[in-house]
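The file model-v6.cif comes next; it holds mmCIF, C-alpha atoms.
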```cif
data_work
loop_
_atom_site.group_PDB
_atom_site.id
_atom_site.type_symbol
_atom_site.label_atom_id
_atom_site.label_comp_id
_atom_site.auth_asym_id
_atom_site.auth_seq_id
_atom_site.Cartn_x
_atom_site.Cartn_y
_atom_site.Cartn_z
ATOM 1 C CA MET P 232 0.000 0.000 0.000
ATOM 2 C CA PRO P 233 1.588 3.337 -1.021
ATOM 3 C CA ILE P 234 2.091 5.694 1.923
ATOM 4 C CA ASN P 235 0.769 9.250 1.867
ATOM 5 C CA HIS P 236 3.461 11.208 3.785
ATOM 6 C CA SER P 237 1.017 14.058 4.440
ATOM 7 C CA LEU P 238 -0.983 11.847 6.803
ATOM 8 C CA PRO P 239 -0.188 11.508 10.521
ATOM 9 C CA PHE P 240 1.645 8.309 11.429
ATOM 10 C CA THR P 241 -1.332 7.059 13.501
ATOM 11 C CA ALA P 242 -3.641 7.323 10.487
ATOM 12 C CA ILE P 243 -1.168 5.396 8.329
ATOM 13 C CA LEU P 244 -0.808 2.734 11.011
ATOM 14 C CA SER P 245 -4.595 2.381 11.351
ATOM 15 C CA ALA P 246 -5.025 1.964 7.601
ATOM 16 C CA CYS P 247 -2.322 -0.702 7.497
ATOM 17 C CA LEU P 248 -3.913 -2.589 10.370
ATOM 18 C CA VAL P 249 -7.310 -2.590 8.659
ATOM 19 C CA MET P 250 -5.767 -3.930 5.442
ATOM 20 C CA THR P 251 -3.742 -6.523 7.350
ATOM 21 C CA PHE P 252 -6.352 -7.936 9.702
ATOM 22 C CA MET P 253 -9.613 -7.447 7.779
ATOM 23 C CA PRO P 254 -8.959 -8.257 4.099
ATOM 24 C CA GLY P 255 -12.023 -10.452 3.808
ATOM 25 C CA ALA P 256 -14.338 -7.740 5.113
ATOM 26 C CA VAL P 257 -12.875 -5.126 2.785
ATOM 27 C CA LEU P 258 -13.096 -7.374 -0.257
ATOM 28 C CA ALA P 259 -16.624 -8.470 0.608
ATOM 29 C CA GLU P 260 -17.785 -4.886 0.909
ATOM 30 C CA GLU P 261 -16.132 -3.937 -2.381
ATOM 31 C CA ALA P 262 -17.720 -6.944 -4.095
ATOM 32 C CA ALA P 263 -21.142 -6.043 -2.713
ATOM 33 C CA THR P 264 -20.791 -2.470 -3.935
ATOM 34 C CA THR P 265 -19.877 -3.641 -7.423
ATOM 35 C CA GLU P 266 -22.719 -6.137 -7.457
ATOM 36 C CA LYS P 267 -25.174 -3.517 -6.247
ATOM 37 C CA THR P 268 -24.210 -1.237 -9.111
ATOM 38 C CA GLN P 269 -24.943 -4.045 -11.561
ATOM 39 C CA LEU P 270 -28.099 -5.447 -10.016
ATOM 40 C CA LEU P 271 -29.882 -2.576 -8.315
ATOM 41 C CA LEU P 272 -30.254 0.917 -9.722
ATOM 42 C CA SER P 273 -31.530 4.035 -8.010
ATOM 43 C CA ALA P 274 -34.124 6.258 -9.653
ATOM 44 C CA GLY P 275 -31.382 8.755 -10.447
ATOM 45 C CA GLU P 276 -29.237 6.106 -12.114
ATOM 46 C CA VAL P 277 -32.140 4.938 -14.266
ATOM 47 C CA LYS P 278 -32.905 8.555 -15.219
ATOM 48 C CA GLU P 279 -29.299 8.900 -16.397
ATOM 49 C CA LEU P 280 -29.640 5.769 -18.503
ATOM 50 C CA ILE P 281 -32.828 7.098 -20.091
ATOM 51 C CA ASP P 282 -31.242 10.478 -20.817
ATOM 52 C CA ALA P 283 -28.220 8.789 -22.394
ATOM 53 C CA ALA P 284 -30.224 6.239 -24.373
ATOM 54 C CA ASP P 285 -28.910 7.519 -27.687
ATOM 55 C CA GLN P 286 -25.376 6.655 -26.570
ATOM 56 C CA SER P 287 -26.157 3.536 -24.530
ATOM 57 C CA ALA P 288 -29.405 1.780 -25.442
ATOM 58 C CA VAL P 289 -31.499 0.595 -22.499
ATOM 59 C CA ILE P 290 -34.708 -1.410 -22.500
ATOM 60 C CA LEU P 291 -37.144 -0.617 -19.701
ATOM 61 C CA LEU P 292 -39.634 -3.380 -18.892
ATOM 62 C CA ASP P 293 -42.737 -2.376 -16.931
ATOM 63 C CA VAL P 294 -44.467 -5.182 -15.013
ATOM 64 C CA GLN P 295 -47.532 -3.209 -13.897
ATOM 65 C CA ASP P 296 -50.944 -4.409 -15.031
ATOM 66 C CA ARG P 297 -51.978 -3.070 -18.424
ATOM 67 C CA ASP P 298 -54.341 -0.398 -17.060
ATOM 68 C CA ALA P 299 -51.740 1.019 -14.685
ATOM 69 C CA PHE P 300 -49.157 1.030 -17.461
ATOM 70 C CA SER P 301 -51.493 2.941 -19.772
ATOM 71 C CA LYS P 302 -51.941 5.626 -17.100
ATOM 72 C CA ALA P 303 -48.299 6.133 -16.083
ATOM 73 C CA HIS P 304 -44.991 4.523 -16.954
ATOM 74 C CA LEU P 305 -41.371 5.537 -17.374
ATOM 75 C CA PRO P 306 -40.609 7.268 -20.687
ATOM 76 C CA GLY P 307 -39.684 4.685 -23.284
ATOM 77 C CA ALA P 308 -40.822 1.681 -21.232
ATOM 78 C CA ARG P 309 -42.212 -1.465 -22.813
ATOM 79 C CA TRP P 310 -45.057 -3.352 -21.167
ATOM 80 C CA ILE P 311 -44.385 -6.985 -20.308
ATOM 81 C CA ASP P 312 -47.208 -9.401 -19.580
ATOM 82 C CA VAL P 313 -45.996 -10.973 -16.334
ATOM 83 C CA ALA P 314 -48.881 -13.454 -16.232
ATOM 84 C CA GLU P 315 -47.930 -14.729 -19.674
ATOM 85 C CA TRP P 316 -44.278 -15.126 -18.693
ATOM 86 C CA LYS P 317 -45.227 -16.903 -15.465
ATOM 87 C CA ALA P 318 -47.572 -19.250 -17.335
ATOM 88 C CA ALA P 319 -44.845 -20.043 -19.861
ATOM 89 C CA ALA P 320 -42.426 -20.933 -17.069
ATOM 90 C CA MET P 321 -44.901 -23.050 -15.087
ATOM 91 C CA ALA P 322 -46.296 -24.901 -18.120
ATOM 92 C CA ASP P 323 -45.964 -28.699 -18.224
ATOM 93 C CA SER P 324 -45.069 -28.963 -14.537
ATOM 94 C CA GLY P 325 -42.175 -26.559 -14.896
ATOM 95 C CA ASP P 326 -40.821 -27.999 -18.126
ATOM 96 C CA GLY P 327 -41.898 -24.752 -19.729
ATOM 97 C CA LEU P 328 -38.657 -23.368 -18.342
ATOM 98 C CA THR P 329 -36.810 -25.370 -21.001
ATOM 99 C CA ASN P 330 -39.221 -24.724 -23.893
ATOM 100 C CA ARG P 331 -36.730 -22.966 -26.121
ATOM 101 C CA GLN P 332 -39.193 -22.019 -28.861
ATOM 102 C CA ARG P 333 -41.595 -20.373 -26.424
ATOM 103 C CA TRP P 334 -38.844 -18.210 -24.923
ATOM 104 C CA ILE P 335 -37.615 -17.260 -28.382
ATOM 105 C CA GLU P 336 -41.144 -15.985 -29.109
ATOM 106 C CA LEU P 337 -41.566 -14.105 -25.828
ATOM 107 C CA GLY P 338 -38.133 -12.494 -25.915
ATOM 108 C CA SER P 339 -38.288 -11.600 -29.598
ATOM 109 C CA GLU P 340 -41.664 -9.852 -29.382
ATOM 110 C CA LEU P 341 -40.214 -7.551 -26.714
ATOM 111 C CA GLY P 342 -37.129 -6.799 -28.812
ATOM 112 C CA LEU P 343 -34.731 -8.343 -26.297
ATOM 113 C CA ALA P 344 -31.096 -9.329 -26.775
ATOM 114 C CA ARG P 345 -28.986 -11.269 -24.295
ATOM 115 C CA ASP P 346 -26.231 -8.635 -24.341
ATOM 116 C CA GLY P 347 -28.609 -5.656 -24.080
ATOM 117 C CA ARG P 348 -29.029 -3.345 -21.079
ATOM 118 C CA ILE P 349 -32.362 -4.125 -19.373
ATOM 119 C CA VAL P 350 -34.033 -2.493 -16.371
ATOM 120 C CA VAL P 351 -37.140 -4.088 -14.855
ATOM 121 C CA TYR P 352 -39.571 -2.197 -12.646
ATOM 122 C CA GLY P 353 -43.189 -2.034 -11.567
ATOM 123 C CA GLY P 354 -45.500 -1.632 -8.621
ATOM 124 C CA ALA P 355 -45.285 -5.185 -7.220
ATOM 125 C CA LEU P 356 -41.708 -6.199 -6.424
ATOM 126 C CA PRO P 357 -42.326 -9.990 -6.693
ATOM 127 C CA ASN P 358 -43.473 -9.474 -10.280
ATOM 128 C CA ALA P 359 -40.433 -7.358 -11.140
ATOM 129 C CA ALA P 360 -38.093 -9.822 -9.449
ATOM 130 C CA ARG P 361 -39.767 -12.737 -11.246
ATOM 131 C CA VAL P 362 -39.027 -11.133 -14.611
ATOM 132 C CA TRP P 363 -35.492 -10.228 -13.500
ATOM 133 C CA TRP P 364 -34.818 -13.848 -12.546
ATOM 134 C CA LEU P 365 -36.330 -15.271 -15.733
ATOM 135 C CA LEU P 366 -34.213 -12.926 -17.858
ATOM 136 C CA LYS P 367 -31.059 -13.959 -16.007
ATOM 137 C CA TYR P 368 -32.050 -17.618 -16.372
ATOM 138 C CA LEU P 369 -32.534 -17.058 -20.114
ATOM 139 C CA GLY P 370 -28.982 -15.773 -20.363
ATOM 140 C CA CYS P 371 -29.479 -11.986 -20.392
ATOM 141 C CA GLN P 372 -26.254 -10.500 -19.071
ATOM 142 C CA HIS P 373 -27.120 -6.977 -17.929
ATOM 143 C CA VAL P 374 -30.419 -6.958 -16.039
ATOM 144 C CA SER P 375 -31.165 -4.610 -13.141
ATOM 145 C CA LEU P 376 -34.091 -3.728 -10.908
ATOM 146 C CA LEU P 377 -35.203 -0.158 -10.276
ATOM 147 C CA ASN P 378 -34.986 0.198 -6.507
ATOM 148 C CA GLY P 379 -38.429 1.049 -5.137
ATOM 149 C CA GLY P 380 -40.191 0.603 -8.462
ATOM 150 C CA ILE P 381 -42.426 3.185 -10.079
ATOM 151 C CA ASP P 382 -43.824 4.317 -6.709
ATOM 152 C CA PHE P 383 -40.414 5.496 -5.537
ATOM 153 C CA TRP P 384 -39.728 6.959 -9.003
ATOM 154 C CA GLN P 385 -42.824 9.133 -8.784
ATOM 155 C CA LYS P 386 -42.006 10.196 -5.219
ATOM 156 C CA GLN P 387 -38.816 11.685 -6.663
ATOM 157 C CA ASP P 388 -40.964 13.753 -9.066
ATOM 158 C CA LEU P 389 -39.341 12.065 -12.041
ATOM 159 C CA PRO P 390 -41.179 12.064 -15.394
ATOM 160 C CA VAL P 391 -43.817 9.527 -16.389
ATOM 161 C CA THR P 392 -45.915 9.266 -19.510
ATOM 162 C CA HIS P 393 -49.031 7.505 -20.737
ATOM 163 C CA LYS P 394 -47.806 7.284 -24.323
ATOM 164 C CA PRO P 395 -46.758 3.895 -25.691
ATOM 165 C CA ILE P 396 -43.608 3.629 -27.803
ATOM 166 C CA ASP P 397 -42.806 1.843 -31.019
ATOM 167 C CA PHE P 398 -39.925 -0.596 -30.938
ATOM 168 C CA LYS P 399 -38.516 -3.283 -33.178
ATOM 169 C CA THR P 400 -38.833 -6.962 -32.488
ATOM 170 C CA SER P 401 -35.670 -9.034 -32.372
ATOM 171 C CA GLU P 402 -34.392 -12.559 -32.891
ATOM 172 C CA PHE P 403 -33.914 -13.451 -29.263
ATOM 173 C CA GLN P 404 -31.896 -16.589 -28.584
ATOM 174 C CA PRO P 405 -32.069 -17.844 -24.990
ATOM 175 C CA THR P 406 -29.194 -19.673 -23.355
ATOM 176 C CA PHE P 407 -30.622 -21.438 -20.323
ATOM 177 C CA GLN P 408 -28.568 -20.879 -17.168
ATOM 178 C CA LYS P 409 -29.590 -24.114 -15.482
ATOM 179 C CA HIS P 410 -27.275 -23.513 -12.528
ATOM 180 C CA ARG P 411 -29.764 -20.805 -11.453
ATOM 181 C CA LEU P 412 -32.699 -23.204 -11.281
ATOM 182 C CA ALA P 413 -33.567 -25.776 -8.613
ATOM 183 C CA ARG P 414 -35.999 -28.565 -9.438
ATOM 184 C CA ILE P 415 -38.108 -30.630 -7.057
ATOM 185 C CA ASP P 416 -35.708 -33.579 -7.157
ATOM 186 C CA ASN P 417 -32.884 -31.288 -6.015
ATOM 187 C CA VAL P 418 -34.966 -30.070 -3.084
ATOM 188 C CA LYS P 419 -36.092 -33.551 -2.049
ATOM 189 C CA GLN P 420 -32.499 -34.749 -2.167
ATOM 190 C CA ALA P 421 -31.411 -31.788 -0.038
ATOM 191 C CA VAL P 422 -33.932 -32.833 2.625
ATOM 192 C CA GLN P 423 -32.091 -36.140 2.853
ATOM 193 C CA ASP P 424 -28.473 -35.013 2.741
ATOM 194 C CA GLY P 425 -28.472 -31.271 3.533
ATOM 195 C CA SER P 426 -26.746 -30.506 0.234
ATOM 196 C CA LEU P 427 -28.628 -27.209 -0.182
ATOM 197 C CA PHE P 428 -29.428 -24.300 2.147
ATOM 198 C CA VAL P 429 -33.163 -23.863 1.585
ATOM 199 C CA PHE P 430 -34.963 -20.563 2.281
ATOM 200 C CA ASP P 431 -38.732 -20.343 2.690
ATOM 201 C CA THR P 432 -39.691 -16.787 1.741
ATOM 202 C CA ARG P 433 -43.415 -17.027 2.503
ATOM 203 C CA SER P 434 -45.370 -15.560 5.404
ATOM 204 C CA LYS P 435 -45.199 -16.949 8.939
ATOM 205 C CA ALA P 436 -48.671 -18.452 8.550
ATOM 206 C CA GLU P 437 -47.739 -20.231 5.329
ATOM 207 C CA PHE P 438 -44.496 -21.480 6.848
ATOM 208 C CA ALA P 439 -46.296 -22.832 9.912
ATOM 209 C CA ALA P 440 -48.904 -24.608 7.790
ATOM 210 C CA GLY P 441 -46.287 -26.730 6.023
ATOM 211 C CA ARG P 442 -42.765 -26.365 4.685
ATOM 212 C CA VAL P 443 -39.768 -28.129 3.220
ATOM 213 C CA PRO P 444 -38.121 -29.925 6.171
ATOM 214 C CA GLY P 445 -35.140 -28.010 7.505
ATOM 215 C CA ALA P 446 -35.898 -24.827 5.541
ATOM 216 C CA ALA P 447 -34.844 -21.531 7.094
ATOM 217 C CA HIS P 448 -37.621 -18.949 7.253
ATOM 218 C CA LEU P 449 -36.897 -15.428 6.021
ATOM 219 C CA GLU P 450 -40.004 -13.696 4.727
ATOM 220 C CA TRP P 451 -39.226 -11.614 1.656
ATOM 221 C CA VAL P 452 -40.663 -8.368 3.074
ATOM 222 C CA ARG P 453 -37.937 -8.350 5.742
ATOM 223 C CA LEU P 454 -35.414 -7.653 2.978
ATOM 224 C CA LEU P 455 -36.916 -4.206 2.414
ATOM 225 C CA THR P 456 -36.902 -0.884 4.213
ATOM 226 C CA GLU P 457 -40.104 0.913 5.192
ATOM 227 C CA ASP P 458 -40.156 2.833 1.897
ATOM 228 C CA GLY P 459 -40.099 -0.360 -0.153
ATOM 229 C CA THR P 460 -36.457 -0.171 -1.246
ATOM 230 C CA PHE P 461 -33.936 -2.923 -0.579
ATOM 231 C CA LYS P 462 -31.849 -2.845 2.562
ATOM 232 C CA SER P 463 -28.147 -2.301 1.968
ATOM 233 C CA ALA P 464 -25.978 -5.161 0.783
ATOM 234 C CA ALA P 465 -24.220 -5.170 4.164
ATOM 235 C CA GLU P 466 -27.525 -5.384 6.075
ATOM 236 C CA LEU P 467 -28.748 -8.194 3.859
ATOM 237 C CA ARG P 468 -25.503 -10.082 4.299
ATOM 238 C CA ARG P 469 -25.819 -9.839 8.091
ATOM 239 C CA MET P 470 -29.366 -11.222 7.912
ATOM 240 C CA PHE P 471 -28.264 -14.236 5.892
ATOM 241 C CA GLN P 472 -25.204 -14.790 8.058
ATOM 242 C CA ALA P 473 -27.418 -14.775 11.162
ATOM 243 C CA LEU P 474 -29.140 -17.837 9.705
ATOM 244 C CA ASN P 475 -25.716 -19.509 9.293
ATOM 245 C CA LEU P 476 -25.570 -19.230 5.512
ATOM 246 C CA LYS P 477 -21.933 -19.632 4.467
ATOM 247 C CA PRO P 478 -20.341 -18.462 1.190
ATOM 248 C CA GLN P 479 -19.707 -22.073 0.172
ATOM 249 C CA HIS P 480 -23.388 -23.034 0.525
ATOM 250 C CA THR P 481 -25.734 -23.274 -2.431
ATOM 251 C CA ALA P 482 -28.798 -21.286 -1.393
ATOM 252 C CA VAL P 483 -32.221 -22.241 -2.767
ATOM 253 C CA THR P 484 -35.250 -19.997 -2.404
ATOM 254 C CA TYR P 485 -38.908 -20.948 -2.699
ATOM 255 C CA CYS P 486 -42.347 -19.444 -2.088
ATOM 256 C CA ARG P 487 -45.622 -20.531 -3.678
ATOM 257 C CA SER P 488 -45.009 -19.867 -7.359
ATOM 258 C CA GLY P 489 -41.613 -18.233 -7.848
ATOM 259 C CA GLY P 490 -42.201 -14.492 -7.373
ATOM 260 C CA ARG P 491 -41.307 -13.964 -3.717
ATOM 261 C CA ALA P 492 -38.539 -16.538 -4.117
ATOM 262 C CA SER P 493 -37.133 -14.379 -6.923
ATOM 263 C CA VAL P 494 -36.994 -11.379 -4.563
ATOM 264 C CA GLU P 495 -34.930 -13.393 -2.099
ATOM 265 C CA ALA P 496 -32.694 -14.800 -4.852
ATOM 266 C CA PHE P 497 -32.057 -11.210 -5.948
ATOM 267 C CA ALA P 498 -31.254 -10.150 -2.368
ATOM 268 C CA LEU P 499 -28.829 -13.041 -1.954
ATOM 269 C CA GLU P 500 -26.951 -12.007 -5.079
ATOM 270 C CA LEU P 501 -27.066 -8.385 -3.975
ATOM 271 C CA ALA P 502 -25.463 -9.456 -0.695
ATOM 272 C CA GLY P 503 -22.620 -11.074 -2.622
ATOM 273 C CA TYR P 504 -23.589 -14.756 -2.582
ATOM 274 C CA GLU P 505 -22.632 -16.542 -5.782
ATOM 275 C CA ASN P 506 -24.333 -19.935 -5.523
ATOM 276 C CA VAL P 507 -28.021 -19.033 -5.626
ATOM 277 C CA GLN P 508 -30.865 -21.049 -7.120
ATOM 278 C CA ASN P 509 -34.573 -20.362 -7.405
ATOM 279 C CA TYR P 510 -36.977 -23.262 -6.960
ATOM 280 C CA PHE P 511 -39.343 -21.511 -9.322
ATOM 281 C CA CYS P 512 -42.181 -24.054 -9.219
ATOM 282 C CA SER P 513 -41.995 -23.796 -5.435
ATOM 283 C CA TRP P 514 -44.648 -24.889 -2.961
ATOM 284 C CA GLN P 515 -47.291 -25.115 -5.680
ATOM 285 C CA GLU P 516 -45.443 -28.101 -7.102
ATOM 286 C CA TYR P 517 -43.825 -29.433 -3.920
ATOM 287 C CA SER P 518 -47.047 -29.698 -1.904
ATOM 288 C CA SER P 519 -48.716 -31.591 -4.768
ATOM 289 C CA ASP P 520 -46.078 -34.339 -4.731
ATOM 290 C CA ALA P 521 -47.185 -37.156 -2.444
ATOM 291 C CA GLU P 522 -43.591 -38.300 -2.053
ATOM 292 C CA ALA P 523 -42.222 -34.897 -1.026
ATOM 293 C CA PRO P 524 -41.657 -34.769 2.771
ATOM 294 C CA VAL P 525 -43.381 -31.926 4.616
ATOM 295 C CA GLU P 526 -42.605 -30.492 8.037
ATOM 296 C CA LYS P 527 -45.060 -28.634 10.288
#
```
Full structure transcribed into structure tokens:
Amino acid sequence: MPINHSLPFTAILSACLVMTFMPGAVLAEEAATTEKTQLLLSAGEVKELIDAADQSAVILLDVQDRDAFSKAHLPGARWIDVAEWKAAAMADSGDGLTNRQRWIELGSELGLARDGRIVVYGGALPNAARVWWLLKYLGCQHVSLLNGGIDFWQKQDLPVTHKPIDFKTSEFQPTFQKHRLARIDNVKQAVQDGSLFVFDTRSKAEFAAGRVPGAAHLEWVRLLTEDGTFKSAAELRRMFQALNLKPQHTAVTYCRSGGRASVEAFALELAGYENVQNYFCSWQEYSSDAEAPVEK
């Protein structure tokens, strides 16, 4: 570490001690900051992207219902039918997640490209996170969430419009990132051998009524501040660490049908965890399997 001779010796000594005895903490914080920049964008950062769209193209995907979108959305945003995307994923007992032709159709009609810059937002965070996760699973490289969604955007008095935009379709080619997806067989095996760290993101009442044996409970709303934005990466990391999640663990999230689980998967990545999977078919599938063990 180069020494700044204008600093007092005690300040230099303190800096050296921090670097010597806490390298992991420093690196973790730096990694979280970098990851936050990639995954989570403030309203101001999204406004900058919109203003610079002629230099750096950005696709904004709005997950509000159609009526809400027609009344107010971010300038240049494209409406995405979340129900249609969810149905495509859940089709054929979850095999829809590997239906290449269907995802070519859905991505192409929105004009998507795997290397494009995409920002997802809306009023309901589980819907936005669901789309974020699906895009990452389909191989899109640069996908972010707008922190706080359109509600927080409007609280900042940033511009909205009711006018739709014209955009070109594309020839979207998905590349399934199967390491991001957990299937029911993976979860059932984890119950037997503890090979996965399973998070139940549902409410306390749902958790009490029946859950995957051994699952840790962390309801998705606890990941947010009172204004609906995500807690800091450091705060999130402390929450996961308090449940004994280690960096070497593979974390699996589930809810009822993938949305709330996607919020928690996002938060885990925001906190710097690398091995994160979403059991997208979740309790809806698991509870219907007579051979899947349930704990109460």
Determine, using all atoms listed in the file, which residues of range 406-517 of chain P have any atom at most 12 Å from an atom of range 335-345 of chain P, and tabulate each with its shortest atom pair and distance in Å to one decimal place, rows ordered by chain and then rising number, as a tab-separated table.
```
residue	atom	partner	partner_atom	distance
P:Thr406	CA	P:Arg345	CA	8.5
P:Phe407	CA	P:Arg345	CA	11.0
P:Gln408	CA	P:Arg345	CA	12.0
```
What would the selection look like, as a ChimeraX atom specification, if the PyMOL selection byres ((chain P and resi 383-394) around 12) were run on the coordinates I just shared? /P:272-279,281-282,293,297-310,352-356,377-382,395-397,457-461
Show me, as a tab-separated table, the residues of range 382-432 of chain P having an atom within 10 Å of range 318-330 of chain P, each with the closest atom pair and its distance in Å, using only C-alpha atoms.
```
residue	atom	partner	partner_atom	distance
P:Pro405	CA	P:Thr329	CA	9.7
P:Thr406	CA	P:Thr329	CA	9.8
P:Phe407	CA	P:Thr329	CA	7.4
P:Lys409	CA	P:Thr329	CA	9.2
P:Leu412	CA	P:Leu328	CA	9.2
P:Arg414	CA	P:Gly325	CA	8.5
P:Ile415	CA	P:Gly325	CA	9.7
```
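Atom pair CA of Ser519 in chain P / CA of Lys435 in chain P: separated by 20.4 Å.
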Name every residue that the PyMOL selection byres ((chain P and resi 509) around 12) selects in this structure, writing the answer as a count of residues only with chains first and numbers rising. 51
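Relative to CA of Lys317 in chain P, CA of Arg433 in chain P is found at 18.1 Å.
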Could you check how far CA of Val350 in chain P sits from CA of Leu501 in chain P, in Å to one decimal? 15.4 Å
Return the padded bounding box of range 416-423 of chain P as lines of an AutoDock Vina configuration file: axis-aligned, built from all atoms listed in the file, 8 Å added on each side, with centre and edge lengths in Å to one decimal.
```
center_x = -33.8
center_y = -33.1
center_z = -2.2
size_x = 20.7
size_y = 22.1
size_z = 26.0
```
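Of the residues listed (P:Gly347, P:Gly425, P:Gly370, P:Pro478), P:Gly425 shows the shortest atom-to-atom separation from Val443 in chain P; distances use all atoms listed in the file.
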Once the PyMOL selection byres ((chain P and resi 349) around 8) has been applied to the shown file, what residues remain in the selection, as a VMD selection string? chain P and resid 289 to 292 347 to 348 350 to 351 373 to 375
Selection export as a PDB file, in the coordinates of the input, atoms kept: C-alpha atoms:
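Done, and the output landed in out-v6.pdb:
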```
ATOM      1  CA  VAL P 289     -31.499   0.595 -22.499  1.00  0.00           C
ATOM      2  CA  ILE P 290     -34.708  -1.410 -22.500  1.00  0.00           C
ATOM      3  CA  LEU P 291     -37.144  -0.617 -19.701  1.00  0.00           C
ATOM      4  CA  LEU P 292     -39.634  -3.380 -18.892  1.00  0.00           C
ATOM      5  CA  GLY P 347     -28.609  -5.656 -24.080  1.00  0.00           C
ATOM      6  CA  ARG P 348     -29.029  -3.345 -21.079  1.00  0.00           C
ATOM      7  CA  VAL P 350     -34.033  -2.493 -16.371  1.00  0.00           C
ATOM      8  CA  VAL P 351     -37.140  -4.088 -14.855  1.00  0.00           C
ATOM      9  CA  HIS P 373     -27.120  -6.977 -17.929  1.00  0.00           C
ATOM     10  CA  VAL P 374     -30.419  -6.958 -16.039  1.00  0.00           C
ATOM     11  CA  SER P 375     -31.165  -4.610 -13.141  1.00  0.00           C
TER      12      SER P 375
END
```
Among listed residues P:Cys371, P:Leu449, P:Leu366, P:Leu376, nearest Ser434 in chain P (using all atoms listed in the file): P:Leu449
Identify, on the basis of only C-alpha atoms, every residue whose closest approach to range 520-526 of chain P does not exceed 8 Å; exclude the query and any residue fewer than 6 positions from it along the same chain; express the result as a compact mmCIF listing (two decimals) with C-alpha atoms, in the frame of the given file.
```txt
# COMPACT_ATOMS: atom_id res chain seq x y z
CA LYS P 419 -36.09 -33.55 -2.05
CA VAL P 422 -33.93 -32.83 2.62
CA GLY P 441 -46.29 -26.73 6.02
CA ARG P 442 -42.76 -26.36 4.68
CA VAL P 443 -39.77 -28.13 3.22
CA PRO P 444 -38.12 -29.92 6.17
CA GLY P 445 -35.14 -28.01 7.50
```
Can range 391-402 of chain P be brought up to N, CA, C and O atoms and written out as a PDB file, keeping the file's coordinate frame?
```
ATOM      1  N   VAL P 391     -43.101  10.702 -15.901  1.00  0.00           N
ATOM      2  CA  VAL P 391     -43.817   9.527 -16.389  1.00  0.00           C
ATOM      3  C   VAL P 391     -44.632   9.958 -17.604  1.00  0.00           C
ATOM      4  O   VAL P 391     -44.815  11.146 -17.852  1.00  0.00           O
ATOM      5  N   THR P 392     -45.112   8.984 -18.332  1.00  0.00           N
ATOM      6  CA  THR P 392     -45.915   9.266 -19.510  1.00  0.00           C
ATOM      7  C   THR P 392     -46.989   8.202 -19.650  1.00  0.00           C
ATOM      8  O   THR P 392     -46.888   7.128 -19.053  1.00  0.00           O
ATOM      9  N   HIS P 393     -48.009   8.505 -20.427  1.00  0.00           N
ATOM     10  CA  HIS P 393     -49.031   7.505 -20.737  1.00  0.00           C
ATOM     11  C   HIS P 393     -48.902   7.027 -22.175  1.00  0.00           C
ATOM     12  O   HIS P 393     -49.647   6.154 -22.614  1.00  0.00           O
ATOM     13  N   LYS P 394     -47.944   7.585 -22.900  1.00  0.00           N
ATOM     14  CA  LYS P 394     -47.806   7.284 -24.323  1.00  0.00           C
ATOM     15  C   LYS P 394     -47.001   6.005 -24.551  1.00  0.00           C
ATOM     16  O   LYS P 394     -45.903   5.855 -24.021  1.00  0.00           O
ATOM     17  N   PRO P 395     -47.538   5.087 -25.344  1.00  0.00           N
ATOM     18  CA  PRO P 395     -46.758   3.895 -25.691  1.00  0.00           C
ATOM     19  C   PRO P 395     -45.656   4.257 -26.685  1.00  0.00           C
ATOM     20  O   PRO P 395     -45.683   5.328 -27.300  1.00  0.00           O
ATOM     21  N   ILE P 396     -44.680   3.376 -26.841  1.00  0.00           N
ATOM     22  CA  ILE P 396     -43.608   3.629 -27.803  1.00  0.00           C
ATOM     23  C   ILE P 396     -43.592   2.515 -28.845  1.00  0.00           C
ATOM     24  O   ILE P 396     -44.090   1.411 -28.627  1.00  0.00           O
ATOM     25  N   ASP P 397     -43.034   2.847 -29.988  1.00  0.00           N
ATOM     26  CA  ASP P 397     -42.806   1.843 -31.019  1.00  0.00           C
ATOM     27  C   ASP P 397     -41.395   1.294 -30.857  1.00  0.00           C
ATOM     28  O   ASP P 397     -40.455   2.047 -30.589  1.00  0.00           O
ATOM     29  N   PHE P 398     -41.253   0.004 -31.001  1.00  0.00           N
ATOM     30  CA  PHE P 398     -39.925  -0.596 -30.938  1.00  0.00           C
ATOM     31  C   PHE P 398     -39.885  -1.800 -31.871  1.00  0.00           C
ATOM     32  O   PHE P 398     -40.923  -2.372 -32.227  1.00  0.00           O
ATOM     33  N   LYS P 399     -38.693  -2.173 -32.248  1.00  0.00           N
ATOM     34  CA  LYS P 399     -38.516  -3.283 -33.178  1.00  0.00           C
ATOM     35  C   LYS P 399     -38.459  -4.603 -32.416  1.00  0.00           C
ATOM     36  O   LYS P 399     -37.918  -4.679 -31.324  1.00  0.00           O
ATOM     37  N   THR P 400     -39.009  -5.624 -33.037  1.00  0.00           N
ATOM     38  CA  THR P 400     -38.833  -6.962 -32.488  1.00  0.00           C
ATOM     39  C   THR P 400     -37.397  -7.415 -32.773  1.00  0.00           C
ATOM     40  O   THR P 400     -36.648  -6.728 -33.462  1.00  0.00           O
ATOM     41  N   SER P 401     -37.038  -8.547 -32.211  1.00  0.00           N
ATOM     42  CA  SER P 401     -35.670  -9.034 -32.372  1.00  0.00           C
ATOM     43  C   SER P 401     -35.687 -10.527 -32.674  1.00  0.00           C
ATOM     44  O   SER P 401     -36.760 -11.129 -32.825  1.00  0.00           O
ATOM     45  N   GLU P 402     -34.523 -11.101 -32.760  1.00  0.00           N
ATOM     46  CA  GLU P 402     -34.392 -12.559 -32.891  1.00  0.00           C
ATOM     47  C   GLU P 402     -33.691 -13.062 -31.629  1.00  0.00           C
ATOM     48  O   GLU P 402     -32.508 -13.377 -31.632  1.00  0.00           O
TER      49      GLU P 402
END
```
